[in-house]
Every structure is written in structure tokens, then in C-alpha cells.
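Heads up, structure-v8.csv below (CSV, C-alpha atoms):
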chain,number,residue,atom,x,y,z
F,1,MET,CA,-23.0,-31.2,8.3
F,2,ALA,CA,-19.8,-29.6,7.1
F,3,SER,CA,-18.6,-26.6,9.1
F,4,THR,CA,-19.5,-23.2,7.7
F,5,ASP,CA,-16.3,-21.7,9.1
F,6,PRO,CA,-13.6,-22.3,6.6
F,7,TYR,CA,-10.8,-21.8,9.1
F,8,GLN,CA,-12.3,-24.3,11.5
F,9,SER,CA,-12.5,-26.9,8.8
F,10,LEU,CA,-8.9,-26.2,7.9
F,11,GLY,CA,-7.6,-26.3,11.4
F,12,VAL,CA,-6.5,-22.6,11.3
F,13,ARG,CA,-7.1,-20.5,14.4
F,14,PRO,CA,-8.6,-17.1,14.0
F,15,ARG,CA,-6.6,-14.4,15.8
F,16,ILE,CA,-7.5,-11.3,17.8
F,17,ASN,CA,-5.8,-8.6,15.7
F,18,ALA,CA,-4.9,-5.4,17.5
F,19,ALA,CA,-1.8,-5.0,15.4
F,20,GLY,CA,-3.5,-3.2,12.5
F,21,ALA,CA,-4.3,-4.1,8.9
F,22,LEU,CA,-1.2,-6.2,8.3
F,23,THR,CA,-0.7,-8.4,5.3
F,24,ARG,CA,0.7,-11.3,7.5
F,25,LEU,CA,-2.6,-11.2,9.4
F,26,GLY,CA,-4.8,-11.0,6.4
F,27,GLY,CA,-5.2,-7.3,6.0
F,28,ALA,CA,-8.6,-5.6,6.5
F,29,VAL,CA,-11.8,-7.2,7.7
F,30,MET,CA,-14.0,-6.4,4.7
F,31,ALA,CA,-17.4,-4.7,5.2
F,32,PRO,CA,-20.5,-6.8,4.2
F,33,GLU,CA,-21.1,-4.6,1.1
F,34,VAL,CA,-17.6,-5.2,-0.1
F,35,VAL,CA,-18.0,-8.9,0.3
F,36,ALA,CA,-21.4,-8.8,-1.4
F,37,ALA,CA,-20.0,-6.8,-4.4
F,38,MET,CA,-17.2,-9.4,-4.8
F,39,ALA,CA,-19.6,-12.3,-4.7
F,40,ALA,CA,-21.8,-10.5,-7.3
F,41,ALA,CA,-18.8,-9.9,-9.6
F,42,ALA,CA,-17.9,-13.5,-9.4
F,43,ARG,CA,-21.1,-14.5,-11.2
F,44,ALA,CA,-20.4,-13.1,-14.6
F,45,SER,CA,-17.7,-12.9,-17.3
F,46,VAL,CA,-16.4,-9.5,-18.4
F,47,ASP,CA,-13.5,-8.1,-20.4
F,48,ILE,CA,-10.9,-7.3,-17.8
F,49,GLY,CA,-9.4,-4.5,-19.9
F,50,GLU,CA,-12.9,-2.9,-20.1
F,51,LEU,CA,-13.3,-3.3,-16.4
F,52,GLN,CA,-10.0,-1.7,-15.7
F,53,ASP,CA,-11.0,1.2,-17.9
F,54,ALA,CA,-14.1,1.7,-15.8
F,55,ALA,CA,-11.9,1.4,-12.6
F,56,SER,CA,-9.5,3.9,-14.0
F,57,GLY,CA,-12.2,6.6,-14.3
F,58,ARG,CA,-13.4,5.9,-10.7
F,59,ILE,CA,-9.8,6.0,-9.3
F,60,ALA,CA,-9.0,9.1,-11.3
F,61,GLN,CA,-12.1,10.8,-9.7
F,62,ALA,CA,-11.0,9.8,-6.2
F,63,THR,CA,-7.3,10.7,-6.6
F,64,GLY,CA,-7.3,13.6,-9.0
F,65,ALA,CA,-5.0,11.6,-11.3
F,66,GLU,CA,-5.4,11.2,-15.1
F,67,ALA,CA,-5.9,7.5,-14.7
F,68,GLY,CA,-5.8,4.6,-12.3
F,69,LEU,CA,-5.3,0.8,-12.2
F,70,VAL,CA,-6.4,-1.8,-9.7
F,71,THR,CA,-3.4,-4.0,-8.8
F,72,THR,CA,-2.8,-6.9,-6.6
F,73,GLY,CA,-1.4,-4.8,-3.8
F,74,ALA,CA,0.8,-1.8,-3.3
F,75,SER,CA,4.0,-3.8,-3.9
F,76,ALA,CA,2.6,-5.0,-7.3
F,77,ALA,CA,1.7,-1.3,-8.0
F,78,LEU,CA,5.4,-0.3,-7.4
F,79,THR,CA,6.7,-3.1,-9.7
F,80,LEU,CA,4.3,-2.0,-12.4
F,81,ALA,CA,5.2,1.6,-11.9
F,82,ALA,CA,8.9,0.8,-12.4
F,83,ALA,CA,8.1,-1.3,-15.5
F,84,ALA,CA,6.0,1.6,-16.9
F,85,ALA,CA,8.8,4.1,-16.3
F,86,ILE,CA,11.3,1.8,-18.0
F,87,ALA,CA,9.3,0.6,-21.0
F,88,ARG,CA,6.8,3.4,-21.6
F,89,TRP,CA,5.1,2.3,-25.0
F,90,ASP,CA,8.0,0.2,-26.2
F,91,VAL,CA,6.8,-3.4,-26.6
F,92,ALA,CA,10.3,-4.7,-27.1
F,93,LYS,CA,11.3,-3.3,-23.7
F,94,MET,CA,8.1,-4.8,-22.2
F,95,ALA,CA,9.1,-8.2,-23.6
F,96,ALA,CA,12.6,-7.9,-22.2
F,97,LEU,CA,11.9,-7.0,-18.6
F,98,PRO,CA,13.2,-7.7,-16.1
F,99,HIS,CA,16.4,-7.9,-18.2
F,100,ALA,CA,17.0,-4.2,-18.8
F,101,ASP,CA,20.8,-3.9,-19.1
F,102,SER,CA,20.6,-2.8,-22.8
F,103,PHE,CA,18.4,0.3,-22.2
F,104,PRO,CA,17.9,2.9,-19.4
F,105,HIS,CA,16.6,1.4,-16.2
F,106,ASP,CA,18.0,3.4,-13.3
F,107,ILE,CA,15.6,4.7,-10.6
F,108,LEU,CA,17.0,7.2,-8.1
F,109,ILE,CA,16.0,6.7,-4.5
F,110,PRO,CA,16.9,8.8,-1.4
F,111,ARG,CA,18.9,6.9,1.1
F,112,THR,CA,16.3,7.5,3.8
F,113,HIS,CA,13.7,5.9,1.6
F,114,ARG,CA,15.5,2.6,0.9
F,115,THR,CA,13.4,0.1,2.7
F,116,GLY,CA,12.6,-3.5,2.2
F,117,TYR,CA,9.7,-2.5,0.0
F,118,ALA,CA,12.0,-0.9,-2.5
F,119,HIS,CA,12.7,-4.5,-3.7
F,120,ALA,CA,9.4,-4.2,-5.6
F,121,LEU,CA,10.9,-1.5,-7.8
F,122,ALA,CA,14.0,-3.6,-8.5
F,123,ALA,CA,11.8,-6.6,-9.4
F,124,ALA,CA,10.8,-4.9,-12.6
F,125,GLY,CA,14.5,-4.8,-13.7
F,126,ALA,CA,15.3,-1.4,-12.3
F,127,ARG,CA,18.7,-0.6,-10.8
F,128,LEU,CA,18.2,1.4,-7.7
F,129,VAL,CA,20.7,4.3,-7.2
F,130,ASP,CA,21.0,5.8,-3.7
F,131,ILE,CA,21.1,9.6,-3.5
F,132,GLY,CA,21.3,12.2,-0.8
F,133,HIS,CA,22.5,12.1,2.8
F,134,ASN,CA,20.9,10.6,5.9
F,135,ASP,CA,21.7,13.4,8.3
F,136,ARG,CA,18.1,14.0,9.4
F,137,GLY,CA,17.3,10.3,9.6
F,138,THR,CA,20.3,9.5,11.8
F,139,GLY,CA,20.1,12.6,13.9
F,140,ALA,CA,23.5,13.7,12.6
F,141,GLY,CA,22.1,16.9,11.2
F,142,VAL,CA,18.9,18.8,10.2
F,143,ARG,CA,19.1,18.7,6.4
F,144,GLY,CA,16.9,16.6,4.2
F,145,LEU,CA,17.0,15.8,0.5
F,146,GLU,CA,18.2,18.8,-1.6
F,147,ALA,CA,17.5,19.6,-5.2
F,148,TRP,CA,21.2,19.5,-6.3
F,149,GLU,CA,21.6,16.0,-4.9
F,150,ILE,CA,18.9,14.8,-7.3
F,151,GLU,CA,20.1,17.0,-10.2
F,152,THR,CA,23.7,15.7,-9.9
F,153,ALA,CA,22.5,12.1,-10.1
F,154,LEU,CA,20.4,12.6,-13.2
F,155,SER,CA,21.7,11.1,-16.4
F,156,PRO,CA,20.2,9.5,-19.6
F,157,SER,CA,20.1,6.2,-17.8
F,158,VAL,CA,17.6,7.5,-15.2
F,159,VAL,CA,14.0,6.6,-15.8
F,160,ALA,CA,12.3,7.7,-12.6
F,161,VAL,CA,12.8,8.9,-9.0
F,162,ALA,CA,11.2,6.9,-6.2
F,163,PHE,CA,9.8,8.4,-3.0
F,164,SER,CA,8.5,6.7,0.1
F,165,ALA,CA,5.8,8.9,1.7
F,166,ASN,CA,5.3,9.3,5.4
F,167,ALA,CA,4.8,12.0,7.9
F,168,THR,CA,8.6,12.6,8.1
F,169,SER,CA,9.5,12.5,4.4
F,170,LEU,CA,6.6,14.6,3.2
F,171,VAL,CA,8.5,17.8,3.7
F,172,ASP,CA,10.9,16.8,0.9
F,173,LEU,CA,8.2,15.8,-1.6
F,174,PRO,CA,7.8,19.3,-3.3
F,175,THR,CA,11.6,19.5,-3.9
F,176,VAL,CA,11.7,16.1,-5.5
F,177,ALA,CA,8.5,16.8,-7.6
F,178,ALA,CA,9.9,20.2,-8.8
F,179,VAL,CA,13.2,18.6,-10.0
F,180,CYS,CA,11.5,15.7,-11.6
F,181,ARG,CA,9.0,17.9,-13.4
F,182,ALA,CA,11.8,20.3,-14.6
F,183,ASN,CA,13.8,17.4,-16.0
F,184,GLY,CA,10.9,15.3,-17.4
F,185,VAL,CA,11.6,12.4,-15.1
F,186,PRO,CA,8.6,10.6,-13.5
F,187,MET,CA,8.3,10.5,-9.8
F,188,ILE,CA,6.9,7.3,-8.2
F,189,VAL,CA,5.4,7.7,-4.7
F,190,ASP,CA,5.0,4.7,-2.4
F,191,ALA,CA,2.0,5.7,-0.3
F,192,ALA,CA,1.0,2.2,0.6
F,193,ALA,CA,0.1,2.9,4.2
F,194,GLN,CA,-0.7,6.6,4.0
F,195,LEU,CA,-4.5,6.1,4.4
F,196,PRO,CA,-6.2,7.5,6.4
F,197,PRO,CA,-6.6,10.4,6.3
F,198,LYS,CA,-8.7,10.3,3.1
F,199,GLU,CA,-7.2,13.6,2.0
F,200,ASN,CA,-4.1,11.7,1.1
F,201,LEU,CA,-5.9,10.1,-1.8
F,202,LYS,CA,-5.4,13.3,-3.7
F,203,ARG,CA,-2.5,14.9,-1.8
F,204,PHE,CA,0.4,13.3,-3.6
F,205,ILE,CA,-0.9,13.8,-7.1
F,206,ALA,CA,-1.7,17.4,-6.2
F,207,MET,CA,1.9,17.8,-5.0
F,208,GLY,CA,3.3,16.7,-8.3
F,209,ALA,CA,3.7,12.9,-8.2
F,210,ASP,CA,3.5,11.1,-11.5
F,211,LEU,CA,2.5,7.7,-10.1
F,212,VAL,CA,1.2,6.8,-6.6
F,213,ALA,CA,0.8,3.4,-5.1
F,214,PHE,CA,-1.8,2.7,-2.4
F,215,SER,CA,-2.7,-0.5,-0.6
F,216,GLY,CA,-6.2,-1.7,-1.1
F,217,GLY,CA,-6.3,-4.2,1.7
F,218,LYS,CA,-5.4,-2.0,4.6
F,219,ALA,CA,-7.3,1.1,5.7
F,220,LEU,CA,-9.3,1.2,2.4
F,221,GLY,CA,-11.0,-2.0,3.6
F,222,GLY,CA,-10.8,-3.8,0.2
F,223,PRO,CA,-9.6,-7.3,-0.6
F,224,GLN,CA,-6.1,-8.0,0.8
F,225,ALA,CA,-4.8,-8.8,-2.7
F,226,SER,CA,-5.7,-5.4,-4.1
F,227,GLY,CA,-4.0,-2.0,-4.5
F,228,ILE,CA,-4.1,1.2,-6.6
F,229,LEU,CA,-1.7,2.7,-9.0
F,230,ALA,CA,-2.8,6.2,-9.9
F,231,GLY,CA,-1.1,8.9,-12.0
F,232,ARG,CA,-0.3,9.9,-15.5
F,233,GLY,CA,-2.4,8.4,-18.2
F,234,ASP,CA,0.5,7.2,-20.4
F,235,LEU,CA,2.3,5.5,-17.5
F,236,VAL,CA,-0.8,3.9,-16.1
F,237,ALA,CA,-1.6,2.6,-19.6
F,238,SER,CA,1.9,1.1,-19.9
F,239,ALA,CA,1.4,-0.6,-16.5
F,240,LEU,CA,-1.9,-2.0,-17.6
F,241,LEU,CA,-0.5,-3.4,-20.8
F,242,GLN,CA,2.2,-5.2,-18.7
F,243,GLN,CA,-0.4,-6.7,-16.4
F,244,LEU,CA,-3.1,-7.9,-18.7
F,245,ASP,CA,-3.6,-11.3,-20.3
F,246,MET,CA,-2.1,-10.6,-23.7
F,247,ASP,CA,-2.6,-14.1,-25.3
F,248,VAL,CA,-4.6,-12.4,-28.1
F,249,SER,CA,-4.8,-12.3,-31.9
F,250,PRO,CA,-3.4,-9.0,-33.0
F,251,GLU,CA,-6.1,-8.9,-35.7
F,252,THR,CA,-9.0,-9.1,-33.2
F,253,TRP,CA,-7.5,-7.4,-30.2
F,254,THR,CA,-9.3,-4.3,-28.9
F,255,PRO,CA,-7.1,-2.5,-26.5
F,256,PRO,CA,-8.5,-0.8,-23.4
F,257,SER,CA,-9.6,2.8,-24.1
F,258,MET,CA,-6.8,4.2,-22.1
F,259,VAL,CA,-4.3,2.6,-24.5
F,260,ASP,CA,-3.7,4.5,-27.8
F,261,ARG,CA,-2.7,1.7,-30.2
F,262,ALA,CA,-1.0,4.3,-32.4
F,263,ASN,CA,1.7,4.5,-29.8
F,264,LEU,CA,2.5,0.8,-30.1
F,265,ARG,CA,4.6,-0.8,-32.9
F,266,GLY,CA,3.0,-4.1,-32.1
F,267,VAL,CA,0.9,-6.0,-29.6
F,268,PRO,CA,2.7,-6.7,-26.4
F,269,HIS,CA,3.2,-10.3,-25.2
F,270,HIS,CA,2.6,-11.2,-21.5
F,271,GLY,CA,4.5,-8.6,-19.4
F,272,ILE,CA,6.4,-8.5,-16.2
F,273,GLY,CA,3.1,-7.9,-14.3
F,274,ARG,CA,1.3,-10.9,-15.7
F,275,GLY,CA,1.6,-12.6,-12.4
F,276,PHE,CA,0.0,-9.6,-10.7
F,277,LYS,CA,-3.3,-10.0,-12.6
F,278,ALA,CA,-6.2,-8.5,-10.7
F,279,GLY,CA,-9.4,-10.6,-10.9
F,280,LYS,CA,-12.9,-9.1,-11.5
F,281,GLU,CA,-13.7,-9.8,-7.9
F,282,GLU,CA,-10.7,-7.8,-6.6
F,283,ILE,CA,-11.4,-4.9,-9.0
F,284,VAL,CA,-15.1,-4.6,-8.0
F,285,GLY,CA,-14.3,-5.2,-4.3
F,286,LEU,CA,-11.6,-2.5,-4.3
F,287,LEU,CA,-13.9,0.1,-6.0
F,288,THR,CA,-16.7,-0.6,-3.6
F,289,ALA,CA,-14.3,-0.2,-0.6
F,290,LEU,CA,-12.9,3.0,-2.2
F,291,GLU,CA,-16.3,4.5,-2.4
F,292,ARG,CA,-17.1,3.4,1.2
F,293,PHE,CA,-13.8,4.9,2.4
F,294,GLU,CA,-14.5,8.2,0.7
F,295,ASN,CA,-18.0,8.5,2.3
F,296,ALA,CA,-16.9,7.5,5.8
F,297,ASP,CA,-17.2,10.0,8.6
F,298,ASP,CA,-13.7,9.9,10.0
F,299,ASP,CA,-14.4,12.1,13.0
F,300,ALA,CA,-17.4,9.9,14.1
F,301,ASP,CA,-15.4,6.7,13.4
F,302,ASN,CA,-12.4,7.9,15.5
F,303,GLU,CA,-14.7,9.0,18.4
F,304,ALA,CA,-16.2,5.5,18.4
F,305,LEU,CA,-12.7,3.9,18.4
F,306,THR,CA,-11.6,6.3,21.2
F,307,ALA,CA,-14.5,5.2,23.4
F,308,ARG,CA,-13.6,1.5,22.8
F,309,LEU,CA,-10.0,2.2,23.6
F,310,LYS,CA,-10.9,4.0,26.8
F,311,ALA,CA,-13.0,1.0,27.8
F,312,ILE,CA,-10.1,-1.4,27.1
F,313,ALA,CA,-7.7,0.8,29.0
F,314,ALA,CA,-10.1,0.6,32.0
F,315,MET,CA,-10.0,-3.2,31.8
F,316,LEU,CA,-6.2,-3.0,31.8
F,317,ASP,CA,-6.2,-1.4,35.2
F,318,GLY,CA,-2.7,-1.5,36.7
F,319,SER,CA,-0.9,-1.4,33.3
F,320,ALA,CA,0.9,1.7,32.0
F,321,VAL,CA,-1.5,2.6,29.2
F,322,THR,CA,-1.5,5.8,27.2
F,323,LEU,CA,-4.2,6.8,24.7
F,324,VAL,CA,-2.7,8.5,21.6
F,325,PRO,CA,-5.4,10.4,19.7
F,326,ALA,CA,-5.9,10.3,16.0
F,327,ALA,CA,-4.8,13.9,15.7
F,328,GLN,CA,-1.4,12.8,16.9
F,329,THR,CA,-1.0,9.6,15.0
F,330,GLY,CA,-2.4,11.1,11.8
F,331,ARG,CA,-4.5,7.9,11.3
F,332,VAL,CA,-6.6,6.4,14.1
F,333,PRO,CA,-6.3,6.6,17.9
F,334,VAL,CA,-4.2,3.9,19.5
F,335,LEU,CA,-3.2,2.6,23.0
F,336,GLU,CA,0.4,2.4,23.9
F,337,ILE,CA,1.1,-0.2,26.6
F,338,ALA,CA,4.4,0.1,28.4
F,339,VAL,CA,5.7,-3.2,29.7
F,340,PRO,CA,9.0,-4.8,30.5
F,341,ASP,CA,10.4,-7.5,28.2
F,342,VAL,CA,8.1,-6.2,25.5
F,343,LEU,CA,8.9,-8.7,22.7
F,344,ALA,CA,8.7,-11.6,25.2
F,345,LEU,CA,5.2,-10.5,26.2
F,346,SER,CA,4.2,-10.1,22.5
F,347,ALA,CA,5.4,-13.7,21.8
F,348,ARG,CA,3.4,-15.1,24.7
F,349,LEU,CA,0.3,-13.3,23.5
F,350,GLN,CA,0.7,-14.7,20.0
F,351,ARG,CA,1.1,-18.3,21.5
F,352,GLY,CA,-2.0,-17.9,23.7
F,353,ASP,CA,-5.5,-19.2,23.3
F,354,PRO,CA,-6.9,-17.2,21.5
F,355,PRO,CA,-3.7,-15.9,19.8
F,356,VAL,CA,-3.4,-12.1,20.3
F,357,HIS,CA,-1.4,-9.7,18.2
F,358,LEU,CA,-0.3,-6.2,19.2
F,359,SER,CA,1.8,-3.9,17.0
F,360,GLU,CA,5.5,-4.1,17.7
F,361,ARG,CA,6.3,-1.0,15.7
F,362,HIS,CA,7.4,0.9,18.8
F,363,ALA,CA,8.9,-2.0,20.7
F,364,ALA,CA,12.3,-0.2,20.8
F,365,ARG,CA,10.6,2.3,23.1
F,366,GLY,CA,9.4,-0.4,25.4
F,367,VAL,CA,5.8,-0.3,24.3
F,368,LEU,CA,3.3,-2.5,22.5
F,369,THR,CA,0.7,-0.6,20.4
F,370,LEU,CA,-3.0,-1.6,20.4
F,371,ASP,CA,-4.1,-0.5,16.9
F,372,PRO,CA,-7.9,-0.8,16.6
F,373,GLN,CA,-8.3,-0.6,12.8
F,374,VAL,CA,-9.1,-4.3,12.4
F,375,LEU,CA,-10.1,-5.1,15.9
F,376,LEU,CA,-13.6,-6.5,16.1
F,377,PRO,CA,-15.8,-5.1,18.9
F,378,GLU,CA,-16.5,-8.6,20.3
F,379,HIS,CA,-12.7,-9.1,20.7
F,380,ASP,CA,-12.3,-6.0,23.0
F,381,ALA,CA,-12.9,-7.9,26.3
F,382,PRO,CA,-11.0,-11.1,25.4
F,383,LEU,CA,-8.1,-9.0,24.3
F,384,ALA,CA,-7.9,-7.1,27.5
F,385,ALA,CA,-8.2,-10.3,29.5
F,386,ALA,CA,-5.4,-11.9,27.6
F,387,ILE,CA,-3.1,-8.9,28.1
F,388,ARG,CA,-3.9,-8.6,31.8
F,389,ALA,CA,-3.3,-12.4,32.3
F,390,GLN,CA,0.1,-12.3,30.6
F,391,VAL,CA,1.2,-9.1,32.4
F,392,ASN,CA,0.2,-10.5,35.8
F,393,ALA,CA,1.8,-13.9,35.1
F,394,ARG,CA,5.2,-12.2,34.8
F,395,ALA,CA,4.6,-9.7,37.7

Starting from the file, lay out its structure as C-alpha cells.
Amino acid sequence: MASTDPYQSLGVRPRINAAGALTRLGGAVMAPEVVAAMAAAARASVDIGELQDAASGRIAQATGAEAGLVTTGASAALTLAAAAAIARWDVAKMAALPHADSFPHDILIPRTHRTGYAHALAAAGARLVDIGHNDRGTGAGVRGLEAWEIETALSPSVVAVAFSANATSLVDLPTVAAVCRANGVPMIVDAAAQLPPKENLKRFIAMGADLVAFSGGKALGGPQASGILAGRGDLVASALLQQLDMDVSPETWTPPSMVDRANLRGVPHHGIGRGFKAGKEEIVGLLTALERFENADDDADNEALTARLKAIAAMLDGSAVTLVPAAQTGRVPVLEIAVPDVLALSARLQRGDPPVHLSERHAARGVLTLDPQVLLPEHDAPLAAAIRAQVNARA
């Protein structure tokens, strides 16, 4: 009889994941109801535009935005956001992207926000223009982004301002939003990993963002290849048009309800986001996960995680372990494990049997972080045993 474990049949080893909901480790472990919803969605044919319309209403309710779109991840959401800011309703621009040299395509981005993920914006054809100073980020001073630094860089070639949201940068968001709103320039917020807390679903729209990108396959608990783009109705509609299958007859095409055909001088062809098509299974799975995330009891969940982490810490007797509560991380409680040769230990754990992954986010401080977001309860004891064995082997 064939194995019911797909990984076993493929010769792929499942891993103990205490590093968090990372893309390279497959993202979230989906709840049974999310998996069931995706399986049910797979058994019918639907109009994807109509399904995205329905998803838009659900996402708008959850985020406070005018509209929403299910994407194939937060990176795809950023590319679609940039494409929407550049093309708006112009089908000729949609057809031209990513080749945008003949029309405005500059996106301003604060220097402290220029990460590897900003490549997703450039992929749409945008030219990223660095602004501001990095005094606060480098410790050379106390000042963050200031209004005049944005205003000075504004020109007819600027189509948007990008903002990467995190606990440190959030203090600058109202300044950026105010300048953008006063000058009619959309603000795109990368909030891929800013869940939890669930309040962040609505926070960035409420603070003035025009488009916000969230990951669906991390803390939301949806399919790994899913994400959310939420924001202004016209911009989300432009993004949707540049994602959909547009191999249609103009005479019979019925656009999604969020698209006002009167704004279009023709029917778009396949857009820059065509490769980011979201399947019916991902859309339904993401919406199911979103509802589950909204209804979760964060305090109770974090109490349960804290109890598990305390038990793991007890099993790591002799190691320098610190419990960092959810109130301090802003997300979930974690364990910080201080060890010598931190990356060497991490590498040995990953090569072990079973392979174990801890977060290396704070390796520069000499600690590995045990993030329990995706850690299965049955892995707690084997995880502690693997860490203890590797630490003792080098003692």
C-alpha cells in the first residue's frame, strides 16, 4: 500500500520548526478547518473575479479598507500594489509594465526601509528612490523621517511612497501618511509580518495607508502561497485587473463588480501580476484562516504557549534560557537561548535527526530564539532533547 505521508514517499524529511512561520520552512501549519475549506473549494468551478469580489468584501470588513484582494503572498501584494500605483486605470500602462520608462514610475522609500523585500516593488517596473537619513537606524542620531524630506523628493514622476512597518518604524507612519494625503500620492505599507496582534489588521488603514500588504501563510494560518492587499478601492481594482486571467472576449467579458468599466478605454490583456494568480483554493483557505484569526483568543493562546515554553525551558536545565513574554515581543512569547558559537550550533541542529530549526534573528547577540508559532506540541520534548544533546556535545 502506498504511503499516506507525501513527504515520506518523496524522501523529504519533516522538520521540527521552532524558527517561526518562515516561507523557507513552509509557513504556517494550517488548522483542520482551513484544510477542509480548501479541499471543498477544489471540487467546483467558479468565476475567479466573482470570488475575488466576495473576498474583497470580507477583507474590507476585517481591515477597515475600501476593498481587498487575495494574492499569492505579501511579496506578490507589493508588486501588485506598485503596478496599481503606476498604471491606475490605464490599460496601455498595464500592458507595458514592467517597462515604465515612458511614464511616471518612481516610488519613494525611506533609507531605513530599503530591505531585500523592496525588490518586490521594483519588479513591477518601479524605480525606487531613497529618501531621508539613517541617523536613528545607525545610532548616529535620534531623528527619524521628516515631512520635508518627503516633500522635497516629490515630483510628477512619483507614483507612491513605500513604508515598511515594524515596531521601530511605526512612529514615522503618521508623518508619511499626512504628506502623502496632502499631495495625493498613495502610500504603500509592507505589513507582511505585522500579525499578530490582530489589531494591526485595521491599524495601518486607520493611520492613513492607501494600500497594505499582509502575509497569509504566517500568523494568519492560511495557505503559504497566500496574502492580502487591502486599501483604496480604485487601487485594489487596478491590482486585480493586473492579476486576473484576461484571455477574454471584450464583447462577453463581465468585469468584477469592484471594476468600473467606464474607467477603462479597453479591456486589459494579461498583466504583470498574471503569474501571481490566486487559485480558488488559496482564496477560500485564506478567508477561512482570516476568520479564525479574528476570532482567536490571543490571551488564552499566549498563556498556553507560555506554559509550553516554561516546560521546554525546564527540559533545557543547565542552558542559559530567557522567557520573553508576548507583551514584550508584540507577537507571541519566545525563549531566547544563549550559547557560544551560535550559528555553528544552529547548523548542527539543522543537520540532525530529526532536523531542528531555531530562529537566527538575534544571532548577533549570541542567542537562538525558540519561536513557538508553528511548533507542534508533540515536538516539544524531541526539540528540547536535540538542543540539550548538541549543547552538551560541545561542552

Nearest candidate to Ala31 (chain F) (options F:Leu290, F:Ala327, F:Val321, F:Ala239; using all atoms listed in the file):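 Between F:Leu290, F:Ala327, F:Val321, F:Ala239, the residue approaching Ala31 (chain F) most closely is F:Leu290.
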
Selection near Ala87 (chain F), 10 Å with all atoms listed in the file, sequence-local residues under 4 positions removed, as a list in words: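 Surrounding residues, per the criterion: Ala82, Ala83, Val91, Ala92, Lys93, Met94, Ala95, Ala96, Leu97, Ala100, Phe103, Pro104, His105, Val159, Leu235, Ser238, Ala239 and Gln242 of chain F.
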
Exercise: residues within 12 Å of coordinate (9.2, 0.4, 20.3), counting all atoms listed in the file, as an MDAnalysis selection string: chainID F and resid 336:343 346 358:369

Gap from CA of Pro382 (chain F) to CA of Val356 (chain F) - Å, one decimal: 9.2 Å

Non-local contacts of Asp90 (chain F) (10 Å; all atoms listed in the file; under 4 positions in same chain excluded) as a list in words: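 Contacts, with the query itself left out: Ala84, Ile86, Met94, Ala95, Ser238, Asn263, Leu264, Arg265, Gly266 and Pro268 of chain F.
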
Each residue of region 83-122 of chain F with at least one atom at most 9 Å from region 53-75 of chain F should appear once, together with its nearest atom pair and the corresponding distance in Å (one decimal); atoms considered: only C-alpha atoms; ordering: chain, then increasing residue number; output as a Markdown table.
| residue | atom | partner | partner_atom | distance |
| --- | --- | --- | --- | --- |
| F:Tyr117 | CA | F:Ser75 | CA | 7.0 |
| F:Ala118 | CA | F:Ser75 | CA | 8.6 |
| F:His119 | CA | F:Ser75 | CA | 8.7 |
| F:Ala120 | CA | F:Ser75 | CA | 5.7 |
| F:Leu121 | CA | F:Ser75 | CA | 8.3 |

CA of Met207 (chain F) to CA of Val179 (chain F), distance in Å rounded to a single decimal: 12.4 Å

Residue nearest Ala191 (chain F) among F:Thr175, F:Thr306, F:Ser169, F:Ser45 (counting all atoms listed in the file):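 Closest residue, counting all atoms listed in the file: F:Ser169.
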
Length of the CA of Leu375 (chain F) to CA of Gly27 (chain F) vector [Å]: 11.3 Å

Minimum-distance residue to Ala384 (chain F), chosen among F:Ala225, F:Leu345, F:Ala21, F:Met315 (using only C-alpha atoms):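 The closest residue to Ala384 (chain F) is F:Met315.
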